[in-house]
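Listing of protein_7.cif; format and content: mmCIF, C-alpha atoms.
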```
data_input
#
loop_
_atom_site.label_atom_id
_atom_site.label_comp_id
_atom_site.auth_asym_id
_atom_site.auth_seq_id
_atom_site.Cartn_x
_atom_site.Cartn_y
_atom_site.Cartn_z
CA MET A 164 10.33 -24.78 -5.17
CA SER A 165 11.56 -21.76 -7.11
CA ILE A 166 10.27 -18.22 -6.69
CA LYS A 167 8.93 -18.41 -10.25
CA ASP A 168 6.93 -21.55 -9.35
CA LYS A 169 5.58 -19.97 -6.17
CA ILE A 170 4.44 -16.87 -8.04
CA ALA A 171 2.76 -19.04 -10.69
CA ILE A 172 0.82 -20.89 -7.96
CA VAL A 173 -0.32 -17.65 -6.31
CA GLN A 174 -1.32 -16.19 -9.70
CA GLN A 175 -3.42 -19.29 -10.36
CA GLN A 176 -5.09 -18.92 -6.95
CA LEU A 177 -5.80 -15.25 -7.72
CA LYS A 178 -7.33 -16.22 -11.05
CA GLN A 179 -9.63 -18.69 -9.28
CA ALA A 180 -10.56 -16.12 -6.63
CA ALA A 181 -11.36 -13.59 -9.34
CA ILE A 182 -13.65 -16.04 -11.12
CA LEU A 183 -15.43 -16.96 -7.87
CA SER A 184 -16.00 -13.31 -6.99
CA GLY A 185 -17.19 -12.28 -10.45
CA ARG A 186 -14.11 -10.20 -11.20
CA THR A 187 -11.30 -10.43 -13.68
CA GLN A 188 -7.73 -11.29 -12.79
CA GLU A 189 -6.76 -7.76 -13.85
CA ASP A 190 -8.92 -6.42 -10.99
CA ILE A 191 -6.56 -8.05 -8.47
CA ARG A 192 -3.06 -6.80 -7.78
CA LEU A 193 -0.45 -9.07 -6.20
CA ILE A 194 2.00 -7.24 -3.97
CA ALA A 195 4.90 -9.50 -3.05
CA VAL A 196 6.06 -8.80 0.48
CA SER A 197 9.79 -8.42 0.11
CA LYS A 198 10.68 -7.41 3.66
CA THR A 199 13.75 -9.30 4.86
CA LYS A 200 14.25 -10.69 1.32
CA SER A 201 17.43 -10.12 -0.65
CA THR A 202 17.77 -8.08 -3.80
CA GLU A 203 18.63 -11.33 -5.60
CA MET A 204 15.27 -12.84 -4.59
CA ILE A 205 13.47 -9.70 -5.78
CA LEU A 206 15.30 -9.98 -9.11
CA GLN A 207 14.09 -13.58 -9.41
CA ALA A 208 10.52 -12.43 -8.75
CA LEU A 209 10.91 -9.67 -11.34
CA ALA A 210 12.11 -12.24 -13.87
CA ALA A 211 8.93 -14.23 -13.11
CA GLY A 212 6.76 -11.21 -13.92
CA GLN A 213 6.18 -9.81 -10.43
CA SER A 214 6.57 -6.02 -10.35
CA ALA A 215 4.94 -4.75 -7.12
CA PHE A 216 6.79 -5.22 -3.84
CA GLY A 217 5.80 -4.36 -0.28
CA GLU A 218 8.24 -3.31 2.40
CA ASN A 219 7.66 -2.81 6.12
CA ARG A 220 10.59 -0.57 6.97
CA VAL A 221 11.63 2.55 5.09
CA GLN A 222 15.34 2.17 5.84
CA GLU A 223 15.51 -1.47 4.70
CA ALA A 224 13.56 -0.64 1.56
CA LEU A 225 15.79 2.27 0.56
CA GLY A 226 18.79 -0.02 0.00
CA LYS A 227 16.76 -2.34 -2.21
CA ILE A 228 15.20 0.55 -4.09
CA GLU A 229 18.65 2.00 -4.74
CA ASP A 230 19.97 -1.39 -5.90
CA LEU A 231 17.08 -1.72 -8.36
CA THR A 232 16.71 1.88 -9.59
CA LYS A 233 17.70 0.93 -13.13
CA LEU A 234 14.64 -1.30 -13.38
CA PRO A 235 11.78 1.13 -14.12
CA LEU A 236 8.97 -1.41 -13.85
CA VAL A 237 9.41 -1.98 -10.11
CA GLU A 238 6.60 -0.51 -8.00
CA TRP A 239 7.32 -0.06 -4.28
CA HIS A 240 4.63 -0.16 -1.59
CA LEU A 241 5.21 0.80 2.03
CA ILE A 242 3.04 -1.61 3.99
CA GLY A 243 4.55 -1.02 7.44
CA HIS A 244 3.85 1.82 9.83
CA LEU A 245 5.20 5.12 8.55
CA GLN A 246 6.85 7.24 11.21
CA LYS A 247 6.59 10.98 10.66
CA ASN A 248 10.39 11.36 10.68
CA LYS A 249 10.65 8.91 7.74
CA VAL A 250 8.17 10.74 5.48
CA LYS A 251 10.99 12.66 3.78
CA PHE A 252 12.28 9.41 2.24
CA CYS A 253 8.97 8.34 0.68
CA PRO A 254 8.36 10.60 -2.36
CA GLY A 255 10.33 9.31 -5.31
CA ASN A 256 10.98 5.96 -3.65
CA PHE A 257 7.53 4.56 -2.88
CA GLN A 258 4.60 4.74 -5.26
CA TRP A 259 2.14 3.61 -2.57
CA ILE A 260 1.79 4.16 1.17
CA HIS A 261 -0.70 1.69 2.68
CA THR A 262 -0.50 2.89 6.27
CA ILE A 263 -1.95 6.39 6.61
CA ASP A 264 -3.37 6.70 10.11
CA SER A 265 -3.58 10.45 10.77
CA THR A 266 -4.21 13.76 9.05
CA GLU A 267 -0.85 14.99 10.34
CA LEU A 268 0.93 12.15 8.54
CA VAL A 269 -0.88 12.83 5.28
CA GLU A 270 -0.14 16.57 5.54
CA LYS A 271 3.58 15.87 5.97
CA LEU A 272 3.53 13.38 3.11
CA GLU A 273 1.72 15.77 0.76
CA ALA A 274 4.12 18.62 1.60
CA ARG A 275 7.15 16.39 0.98
CA SER A 276 5.64 15.04 -2.24
CA ALA A 277 4.96 18.56 -3.48
CA PHE A 278 8.51 19.63 -2.59
CA ALA A 279 9.97 16.64 -4.42
CA GLN A 280 7.42 16.99 -7.24
CA LYS A 281 6.66 13.28 -6.97
CA LYS A 282 3.22 11.72 -6.99
CA ILE A 283 2.32 9.16 -4.33
CA ASN A 284 -0.79 7.03 -3.72
CA VAL A 285 -2.15 6.63 -0.21
CA LEU A 286 -4.45 4.23 1.60
CA LEU A 287 -5.84 4.51 5.12
CA GLN A 288 -4.80 1.85 7.60
CA VAL A 289 -7.72 0.64 9.67
CA ASN A 290 -7.12 -1.60 12.68
CA LEU A 291 -10.42 -3.47 13.05
CA SER A 292 -9.03 -5.90 15.59
CA ARG A 293 -7.85 -3.05 17.85
CA GLU A 294 -4.61 -4.93 18.49
CA ILE A 295 -2.31 -2.64 20.43
CA THR A 296 0.71 -4.04 18.57
CA LYS A 297 -0.79 -2.92 15.24
CA SER A 298 -1.07 0.59 13.87
CA GLY A 299 -4.13 2.08 12.22
CA LEU A 300 -7.36 3.86 12.91
CA HIS A 301 -9.97 1.91 14.83
CA ASP A 302 -12.55 4.39 16.09
CA TRP A 303 -15.30 5.15 13.60
CA GLU A 304 -15.11 8.89 14.34
CA ASP A 305 -11.35 8.95 13.64
CA ILE A 306 -11.79 7.00 10.41
CA LEU A 307 -14.44 9.44 9.21
CA GLN A 308 -12.46 12.50 10.31
CA VAL A 309 -9.22 11.43 8.63
CA SER A 310 -10.88 10.25 5.43
CA GLU A 311 -13.06 13.38 5.16
CA THR A 312 -10.05 15.62 5.75
CA ILE A 313 -8.01 13.80 3.14
CA LEU A 314 -10.79 13.84 0.57
CA SER A 315 -11.65 17.50 1.12
CA LYS A 316 -8.08 18.81 1.24
CA TYR A 317 -6.27 16.54 -1.19
CA SER A 318 -8.71 15.19 -3.77
CA ASP A 319 -7.33 17.69 -6.33
CA SER A 320 -3.70 17.34 -5.26
CA LYS A 321 -1.14 17.06 -8.03
CA THR A 322 1.20 15.00 -5.84
CA LEU A 323 -1.11 12.92 -3.65
CA SER A 324 -3.55 10.37 -5.06
CA VAL A 325 -6.36 9.58 -2.71
CA ILE A 326 -7.54 6.09 -3.50
CA LYS A 327 -11.21 5.44 -2.92
CA ILE A 328 -11.99 1.79 -2.40
CA PHE A 329 -15.48 0.53 -3.14
CA VAL A 330 -16.53 -2.41 -1.05
CA GLY A 331 -19.20 -4.49 -2.73
CA LYS A 332 -22.67 -4.44 -1.17
CA ARG A 333 -22.36 -8.00 0.10
CA ASN A 334 -19.26 -7.18 2.17
CA SER A 335 -19.91 -3.54 3.02
CA ASN A 336 -22.50 -4.21 5.73
CA LEU A 337 -20.09 -6.48 7.60
CA LEU A 338 -17.26 -3.98 7.17
CA PHE A 339 -19.29 -1.07 8.49
CA ILE A 340 -20.65 -3.14 11.38
CA ARG A 341 -17.06 -4.06 12.36
CA LEU A 342 -15.90 -0.47 11.97
CA HIS A 343 -18.75 0.87 14.03
CA HIS A 344 -18.33 -1.53 16.96
#
```

Starting from the file, lay out its structure as structure tokens.
Amino acid sequence: MSIKDKIAIVQQQLKQAAILSGRTQEDIRLIAVSKTKSTEMILQALAAGQSAFGENRVQEALGKIEDLTKLPLVEWHLIGHLQKNKVKFCPGNFQWIHTIDSTELVEKLEARSAFAQKKINVLLQVNLSREITKSGLHDWEDILQVSETILSKYSDSKTLSVIKIFVGKRNSNLLFIRLHH
């Protein structure tokens, strides 16, 4: 099955999920995980209409980003743990960082983004399962502290977009119960 066919199937599933949840398909964003995939495969996905790609490792992503710099519609997401020593590579390469797990990390990222004059979107990584092999915040106090710090210090930032995610009432009770315990 071709990449184009696979993307079409996933898009159809997303459309159905949107209908079932009372949302529109435009409310849902597909991020194709391109870690370990070749630039050629990413080009095939781009030809099929996919524009957002998620990478786990900064170094692996940088080669792909460089190979595809002439394609302005590509949006890069870092979905793997971001080490503090790799922050310098993020502004201008990634549009999204999905794995913020400390105020120190966000401070370094904001400083680097300001220096590079590049805007970047950030999301907190929460580890609800408390798996030791996974990164992310898991204690309720840490989640509150990091999110409050980010919102108070960076909500007006010119280079850092703090994304606020609203969880619908039906799911929010379960989420907060899991976060609290």

Residue IDs satisfying the PyMOL selection byres ((chain A and resi 194) around 10), as a PDB file with C-alpha atoms, in the coordinates of the input:
```
ATOM      1  CA  ILE A 191      -6.560  -8.050  -8.470  1.00  0.00           C
ATOM      2  CA  ARG A 192      -3.060  -6.800  -7.780  1.00  0.00           C
ATOM      3  CA  LEU A 193      -0.450  -9.070  -6.200  1.00  0.00           C
ATOM      4  CA  ALA A 195       4.900  -9.500  -3.050  1.00  0.00           C
ATOM      5  CA  VAL A 196       6.060  -8.800   0.480  1.00  0.00           C
ATOM      6  CA  SER A 197       9.790  -8.420   0.110  1.00  0.00           C
ATOM      7  CA  GLN A 213       6.180  -9.810 -10.430  1.00  0.00           C
ATOM      8  CA  SER A 214       6.570  -6.020 -10.350  1.00  0.00           C
ATOM      9  CA  ALA A 215       4.940  -4.750  -7.120  1.00  0.00           C
ATOM     10  CA  PHE A 216       6.790  -5.220  -3.840  1.00  0.00           C
ATOM     11  CA  GLY A 217       5.800  -4.360  -0.280  1.00  0.00           C
ATOM     12  CA  GLU A 218       8.240  -3.310   2.400  1.00  0.00           C
ATOM     13  CA  GLU A 238       6.600  -0.510  -8.000  1.00  0.00           C
ATOM     14  CA  TRP A 239       7.320  -0.060  -4.280  1.00  0.00           C
ATOM     15  CA  HIS A 240       4.630  -0.160  -1.590  1.00  0.00           C
ATOM     16  CA  ILE A 242       3.040  -1.610   3.990  1.00  0.00           C
TER      17      ILE A 242
END
```

To test your reading of the syntax: which residues would the PyMOL selection byres ((chain A and resi 289-298) around 9) return for the file shown? Reply as a compact mmCIF listing (two decimals) with C-alpha atoms, keeping the file's coordinate frame.
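The new file expr_15.txt reads:
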```
# COMPACT_ATOMS: atom_id res chain seq x y z
CA GLY A 243 4.55 -1.02 7.44
CA HIS A 244 3.85 1.82 9.83
CA THR A 262 -0.50 2.89 6.27
CA ILE A 263 -1.95 6.39 6.61
CA ASP A 264 -3.37 6.70 10.11
CA LEU A 287 -5.84 4.51 5.12
CA GLN A 288 -4.80 1.85 7.60
CA GLY A 299 -4.13 2.08 12.22
CA LEU A 300 -7.36 3.86 12.91
CA HIS A 301 -9.97 1.91 14.83
CA ASP A 302 -12.55 4.39 16.09
CA ILE A 306 -11.79 7.00 10.41
CA ARG A 341 -17.06 -4.06 12.36
CA LEU A 342 -15.90 -0.47 11.97
```

**Message:** To test your reading of the syntax: which residues would the PyMOL selection byres ((chain A and resi 312-322) around 12) return for the file shown? Reply as a count of residues only.
**Reply:** 40

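If you look at atom CA of A:Gln207 and atom CA of A:Arg220, they are 21.2 Å away from each other.
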
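Among the candidates A:Lys167, A:Lys227, A:Lys249, A:Arg186, the one nearest to A:Leu209 when counting all atoms listed in the file is A:Lys167.
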
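The coordinates place atom CA of A:Glu189 at 15.1 Å from atom CA of A:Ala171.
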
**Prompt:** So how far away is atom CA of A:Asp190 from atom CA of A:Asn256, in Å?
**Reply:** 24.6 Å

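Nearest residue to A:Asp168, choosing from A:Leu241, A:Trp303, A:Ala208, A:Asn248 and counting all atoms listed in the file: A:Ala208.
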